[in-house]
Amino acid sequence: MLPIVLITLIAYLGLITFLSLVSIDNNSNIKVEYGDKMAHIIIHAINVILFYLVFVKYNFVGPILLAVVASIFYGIIIEVLQEQLTTVRTFDVFDIYANCLGTLVTAVFLKIKGKAIVKKI
C-alpha cells in the first residue's frame, strides 16, 4: 500500500496539472494585483514540501535539492504544455520566475526546519 504522503503528492500534482490546462473564468469582480504570481508561489511552495516529504520517506539522498529540481522541472513542463496543448493558456516566463521563487524560499525554510517537520509527521 502506498504511503499517504505519496498519494497526496500524486493527487496534488494531478489537480494542479488539470487546473493548469483548463480554461478558468477570470471575470470575477475581485482583482488582486499579481494574484496569479502569488498563486504560483504558493502552489510551488506546497509542491516542494510534498516532494521533500516523499523523498525523505523513501530515503533519497539530498531530498531538498531533489525537491527543488522536481518542482522547477514540473513548473517548466506545465508552462510548455499550456503553450502546446491549449488555446486559452500561454507560456509565461514570469510564471516560471514565480514558481522558482516559491520553490527556493520553501527550500531555505526546509533547510532550516526540515528535520523538525519530518519528526512531526
# chains A, B, ... in the order shown; residues from 1 in each chain; ligands from 1
>>> select_by_dssp(residues="chain A", states="alpha helix (DSSP H)", output="number ranges by chain")
A: 4-21, 35-57, 63-85, 93-120
>>> residues_around(residues="Leu85 in chain A", least_positions_apart="3", cutoff="12 Å", atoms="only C-alpha atoms", output="PDB file with C-alpha atoms, in the first residue's frame")
ATOM      1  CA  PHE A  18      -5.640  19.683 -14.573  1.00  0.00           C
ATOM      2  CA  SER A  20      -3.253  24.496 -15.272  1.00  0.00           C
ATOM      3  CA  LEU A  21      -4.526  23.118 -18.572  1.00  0.00           C
ATOM      4  CA  VAL A  22      -8.228  24.032 -18.466  1.00  0.00           C
ATOM      5  CA  SER A  23      -9.873  27.367 -19.112  1.00  0.00           C
ATOM      6  CA  ILE A  77       6.779  21.378 -18.145  1.00  0.00           C
ATOM      7  CA  ILE A  78       3.383  22.838 -17.211  1.00  0.00           C
ATOM      8  CA  GLU A  79       4.233  26.154 -18.890  1.00  0.00           C
ATOM      9  CA  VAL A  80       5.317  24.365 -22.080  1.00  0.00           C
ATOM     10  CA  LEU A  81       2.174  22.182 -22.026  1.00  0.00           C
ATOM     11  CA  GLN A  82      -0.008  25.291 -21.652  1.00  0.00           C
ATOM     12  CA  VAL A  88      -6.603  29.502 -23.745  1.00  0.00           C
ATOM     13  CA  ARG A  89      -3.315  29.382 -21.829  1.00  0.00           C
ATOM     14  CA  THR A  90       0.102  30.666 -22.851  1.00  0.00           C
ATOM     15  CA  PHE A  91       3.729  30.197 -21.869  1.00  0.00           C
TER      16      PHE A  91
END
>>> residues_around(residues="Ile96 in chain A", least_positions_apart="6", cutoff="9 Å", atoms="only C-alpha atoms", output="short mmCIF file (atom, residue, chain, number, x, y, z; two decimals) with C-alpha atoms, in the first residue's frame")
data_model
loop_
_atom_site.label_atom_id
_atom_site.label_comp_id
_atom_site.auth_asym_id
_atom_site.auth_seq_id
_atom_site.Cartn_x
_atom_site.Cartn_y
_atom_site.Cartn_z
CA HIS A 40 2.27 30.19 -8.47
CA ILE A 72 11.15 23.65 -11.05
CA GLY A 75 6.68 24.12 -13.41
CA ILE A 76 8.55 24.43 -16.70
CA GLU A 79 4.23 26.15 -18.89
#
>>> closest_residue(among="A:His44, A:Lys113, A:Lys37, A:Lys57", to="Asp95 in chain A", atoms="only C-alpha atoms")
A:Lys37
>>> closest_residue(among="A:Gln84, A:Ser71, A:Asn99, A:Thr17", to="Leu50 in chain A", atoms="only C-alpha atoms")
A:Ser71
>>> closest_atom_pairs(of="range 59-87 of chain A", to="range 103-107 of chain A", cutoff="12 Å", atoms="only C-alpha atoms", output="CSV")
residue,atom,partner,partner_atom,distance
A:Gly62,CA,A:Ala107,CA,11.6
A:Pro63,CA,A:Ala107,CA,10.0
A:Ile64,CA,A:Ala107,CA,6.3
A:Leu65,CA,A:Ala107,CA,7.9
A:Leu66,CA,A:Ala107,CA,10.2
A:Ala67,CA,A:Ala107,CA,8.1
A:Val68,CA,A:Thr103,CA,6.0
A:Val69,CA,A:Thr103,CA,9.0
A:Ala70,CA,A:Thr103,CA,9.7
A:Ser71,CA,A:Thr103,CA,6.8
A:Ile72,CA,A:Thr103,CA,7.2
A:Phe73,CA,A:Thr103,CA,10.8
A:Tyr74,CA,A:Thr103,CA,11.1
A:Gly75,CA,A:Thr103,CA,9.9
>>> closest_atom_pairs(of="range 15-61 of chain A", to="range 5-9 of chain A", cutoff="10 Å", atoms="only C-alpha atoms", output="tab-separated table")
residue	atom	partner	partner_atom	distance
A:Leu15	CA	A:Leu9	CA	9.8
A:Ile46	CA	A:Leu9	CA	9.4
A:Asn47	CA	A:Leu9	CA	7.7
A:Val48	CA	A:Leu9	CA	9.9
A:Ile49	CA	A:Leu9	CA	9.4
A:Leu50	CA	A:Leu9	CA	5.7
A:Phe51	CA	A:Leu9	CA	6.9
A:Tyr52	CA	A:Val5	CA	9.9
A:Leu53	CA	A:Val5	CA	6.9
A:Val54	CA	A:Leu6	CA	5.9
A:Phe55	CA	A:Leu6	CA	9.3
A:Lys57	CA	A:Val5	CA	8.3
A:Tyr58	CA	A:Leu6	CA	9.8
>>> write_last_selection(atoms="N, CA and C atoms", output="PDB file, in the first residue's frame")
ATOM      1  N   LEU A  15      -4.195  17.392  -9.669  1.00  0.00           N
ATOM      2  CA  LEU A  15      -5.114  18.534  -9.575  1.00  0.00           C
ATOM      3  C   LEU A  15      -4.496  19.792 -10.187  1.00  0.00           C
ATOM      4  N   ILE A  46       3.996  24.453  -1.787  1.00  0.00           N
ATOM      5  CA  ILE A  46       3.370  23.185  -1.404  1.00  0.00           C
ATOM      6  C   ILE A  46       4.027  22.030  -2.158  1.00  0.00           C
ATOM      7  N   ASN A  47       4.286  22.250  -3.433  1.00  0.00           N
ATOM      8  CA  ASN A  47       4.959  21.247  -4.265  1.00  0.00           C
ATOM      9  C   ASN A  47       6.264  20.783  -3.622  1.00  0.00           C
ATOM     10  N   VAL A  48       7.104  21.730  -3.247  1.00  0.00           N
ATOM     11  CA  VAL A  48       8.411  21.406  -2.677  1.00  0.00           C
ATOM     12  C   VAL A  48       8.258  20.629  -1.377  1.00  0.00           C
ATOM     13  N   ILE A  49       7.337  21.057  -0.535  1.00  0.00           N
ATOM     14  CA  ILE A  49       7.130  20.360   0.738  1.00  0.00           C
ATOM     15  C   ILE A  49       6.699  18.920   0.496  1.00  0.00           C
ATOM     16  N   LEU A  50       5.765  18.713  -0.413  1.00  0.00           N
ATOM     17  CA  LEU A  50       5.298  17.350  -0.688  1.00  0.00           C
ATOM     18  C   LEU A  50       6.393  16.490  -1.320  1.00  0.00           C
ATOM     19  N   PHE A  51       7.115  17.046  -2.297  1.00  0.00           N
ATOM     20  CA  PHE A  51       8.234  16.304  -2.883  1.00  0.00           C
ATOM     21  C   PHE A  51       9.258  15.958  -1.797  1.00  0.00           C
ATOM     22  N   TYR A  52       9.582  16.922  -0.962  1.00  0.00           N
ATOM     23  CA  TYR A  52      10.555  16.720   0.109  1.00  0.00           C
ATOM     24  C   TYR A  52      10.124  15.579   1.029  1.00  0.00           C
ATOM     25  N   LEU A  53       8.868  15.591   1.454  1.00  0.00           N
ATOM     26  CA  LEU A  53       8.378  14.548   2.347  1.00  0.00           C
ATOM     27  C   LEU A  53       8.436  13.166   1.701  1.00  0.00           C
ATOM     28  N   VAL A  54       8.120  13.088   0.420  1.00  0.00           N
ATOM     29  CA  VAL A  54       8.209  11.806  -0.295  1.00  0.00           C
ATOM     30  C   VAL A  54       9.664  11.357  -0.372  1.00  0.00           C
ATOM     31  N   PHE A  55      10.564  12.266  -0.716  1.00  0.00           N
ATOM     32  CA  PHE A  55      11.974  11.897  -0.837  1.00  0.00           C
ATOM     33  C   PHE A  55      12.565  11.482   0.509  1.00  0.00           C
ATOM     34  N   LYS A  57      10.743  10.141   2.965  1.00  0.00           N
ATOM     35  CA  LYS A  57      10.090   8.863   3.264  1.00  0.00           C
ATOM     36  C   LYS A  57      10.815   7.697   2.604  1.00  0.00           C
ATOM     37  N   TYR A  58      11.282   7.907   1.380  1.00  0.00           N
ATOM     38  CA  TYR A  58      11.947   6.848   0.635  1.00  0.00           C
ATOM     39  C   TYR A  58      13.478   6.927   0.728  1.00  0.00           C
TER      40      TYR A  58
END
>>> atom_distance(atom1="CA of Pro3 in chain A", atom2="CA of Ala39 in chain A")
27.2 Å
>>> decode(residues="range 73-105 of chain A", atoms="N, CA and C atoms", output="mmCIF file, in the first residue's frame")
data_model
loop_
_atom_site.group_PDB
_atom_site.id
_atom_site.type_symbol
_atom_site.label_atom_id
_atom_site.label_comp_id
_atom_site.auth_asym_id
_atom_site.auth_seq_id
_atom_site.Cartn_x
_atom_site.Cartn_y
_atom_site.Cartn_z
ATOM 1 N N PHE A 73 11.339 21.709 -12.501
ATOM 2 C CA PHE A 73 11.126 20.935 -13.722
ATOM 3 C C PHE A 73 9.628 20.808 -14.016
ATOM 4 N N TYR A 74 8.843 20.481 -13.006
ATOM 5 C CA TYR A 74 7.389 20.366 -13.159
ATOM 6 C C TYR A 74 6.792 21.699 -13.637
ATOM 7 N N GLY A 75 7.209 22.803 -13.032
ATOM 8 C CA GLY A 75 6.680 24.116 -13.413
ATOM 9 C C GLY A 75 6.981 24.471 -14.860
ATOM 10 N N ILE A 76 8.180 24.151 -15.314
ATOM 11 C CA ILE A 76 8.552 24.425 -16.703
ATOM 12 C C ILE A 76 7.733 23.552 -17.648
ATOM 13 N N ILE A 77 7.580 22.284 -17.308
ATOM 14 C CA ILE A 77 6.779 21.378 -18.145
ATOM 15 C C ILE A 77 5.347 21.887 -18.266
ATOM 16 N N ILE A 78 4.761 22.330 -17.172
ATOM 17 C CA ILE A 78 3.383 22.838 -17.211
ATOM 18 C C ILE A 78 3.292 24.062 -18.118
ATOM 19 N N GLU A 79 4.255 24.964 -18.029
ATOM 20 C CA GLU A 79 4.233 26.154 -18.890
ATOM 21 C C GLU A 79 4.326 25.763 -20.368
ATOM 22 N N VAL A 80 5.184 24.824 -20.689
ATOM 23 C CA VAL A 80 5.317 24.365 -22.080
ATOM 24 C C VAL A 80 4.018 23.688 -22.525
ATOM 25 N N LEU A 81 3.436 22.852 -21.674
ATOM 26 C CA LEU A 81 2.174 22.182 -22.026
ATOM 27 C C LEU A 81 1.046 23.193 -22.244
ATOM 28 N N GLN A 82 1.018 24.261 -21.455
ATOM 29 C CA GLN A 82 -0.008 25.291 -21.652
ATOM 30 C C GLN A 82 0.107 25.906 -23.044
ATOM 31 N N GLU A 83 1.326 26.111 -23.487
ATOM 32 C CA GLU A 83 1.541 26.691 -24.819
ATOM 33 C C GLU A 83 1.200 25.688 -25.923
ATOM 34 N N GLN A 84 1.567 24.432 -25.721
ATOM 35 C CA GLN A 84 1.430 23.426 -26.770
ATOM 36 C C GLN A 84 0.049 22.778 -26.842
ATOM 37 N N LEU A 85 -0.610 22.582 -25.705
ATOM 38 C CA LEU A 85 -1.840 21.798 -25.682
ATOM 39 C C LEU A 85 -3.125 22.606 -25.564
ATOM 40 N N THR A 86 -3.015 23.871 -25.205
ATOM 41 C CA THR A 86 -4.235 24.649 -25.015
ATOM 42 C C THR A 86 -4.265 25.860 -25.927
ATOM 43 N N THR A 87 -5.467 26.370 -26.133
ATOM 44 C CA THR A 87 -5.613 27.613 -26.890
ATOM 45 C C THR A 87 -5.945 28.771 -25.959
ATOM 46 N N VAL A 88 -6.191 28.466 -24.691
ATOM 47 C CA VAL A 88 -6.603 29.502 -23.745
ATOM 48 C C VAL A 88 -5.508 29.867 -22.750
ATOM 49 N N ARG A 89 -4.431 29.114 -22.734
ATOM 50 C CA ARG A 89 -3.315 29.382 -21.829
ATOM 51 C C ARG A 89 -2.061 29.600 -22.663
ATOM 52 N N THR A 90 -1.129 30.391 -22.120
ATOM 53 C CA THR A 90 0.102 30.666 -22.851
ATOM 54 C C THR A 90 1.315 30.490 -21.940
ATOM 55 N N PHE A 91 2.450 30.278 -22.574
ATOM 56 C CA PHE A 91 3.729 30.197 -21.869
ATOM 57 C C PHE A 91 4.037 31.573 -21.300
ATOM 58 N N ASP A 92 4.439 31.628 -20.020
ATOM 59 C CA ASP A 92 4.773 32.902 -19.385
ATOM 60 C C ASP A 92 6.031 32.710 -18.546
ATOM 61 N N VAL A 93 7.121 33.330 -18.968
ATOM 62 C CA VAL A 93 8.385 33.191 -18.252
ATOM 63 C C VAL A 93 8.270 33.737 -16.829
ATOM 64 N N PHE A 94 7.409 34.725 -16.609
ATOM 65 C CA PHE A 94 7.246 35.275 -15.264
ATOM 66 C C PHE A 94 6.550 34.283 -14.329
ATOM 67 N N ASP A 95 5.744 33.390 -14.890
ATOM 68 C CA ASP A 95 5.188 32.301 -14.084
ATOM 69 C C ASP A 95 6.306 31.378 -13.612
ATOM 70 N N ILE A 96 7.259 31.120 -14.489
ATOM 71 C CA ILE A 96 8.398 30.278 -14.109
ATOM 72 C C ILE A 96 9.215 30.966 -13.015
ATOM 73 N N TYR A 97 9.405 32.273 -13.124
ATOM 74 C CA TYR A 97 10.119 33.006 -12.077
ATOM 75 C C TYR A 97 9.379 32.892 -10.742
ATOM 76 N N ALA A 98 8.052 33.029 -10.779
ATOM 77 C CA ALA A 98 7.259 32.911 -9.546
ATOM 78 C C ALA A 98 7.352 31.495 -8.986
ATOM 79 N N ASN A 99 7.307 30.498 -9.868
ATOM 80 C CA ASN A 99 7.464 29.108 -9.436
ATOM 81 C C ASN A 99 8.803 28.925 -8.719
ATOM 82 N N CYS A 100 9.854 29.464 -9.316
ATOM 83 C CA CYS A 100 11.195 29.331 -8.736
ATOM 84 C C CYS A 100 11.295 30.067 -7.400
ATOM 85 N N LEU A 101 10.662 31.214 -7.302
ATOM 86 C CA LEU A 101 10.681 31.957 -6.043
ATOM 87 C C LEU A 101 10.017 31.143 -4.930
ATOM 88 N N GLY A 102 8.833 30.627 -5.196
ATOM 89 C CA GLY A 102 8.155 29.798 -4.199
ATOM 90 C C GLY A 102 8.957 28.570 -3.843
ATOM 91 N N THR A 103 9.584 27.974 -4.845
ATOM 92 C CA THR A 103 10.404 26.780 -4.634
ATOM 93 C C THR A 103 11.615 27.094 -3.765
ATOM 94 N N LEU A 104 12.340 28.133 -4.104
ATOM 95 C CA LEU A 104 13.585 28.444 -3.396
ATOM 96 C C LEU A 104 13.353 28.951 -1.979
ATOM 97 N N VAL A 105 12.344 29.775 -1.779
ATOM 98 C CA VAL A 105 12.028 30.249 -0.423
ATOM 99 C C VAL A 105 11.652 29.069 0.471
#
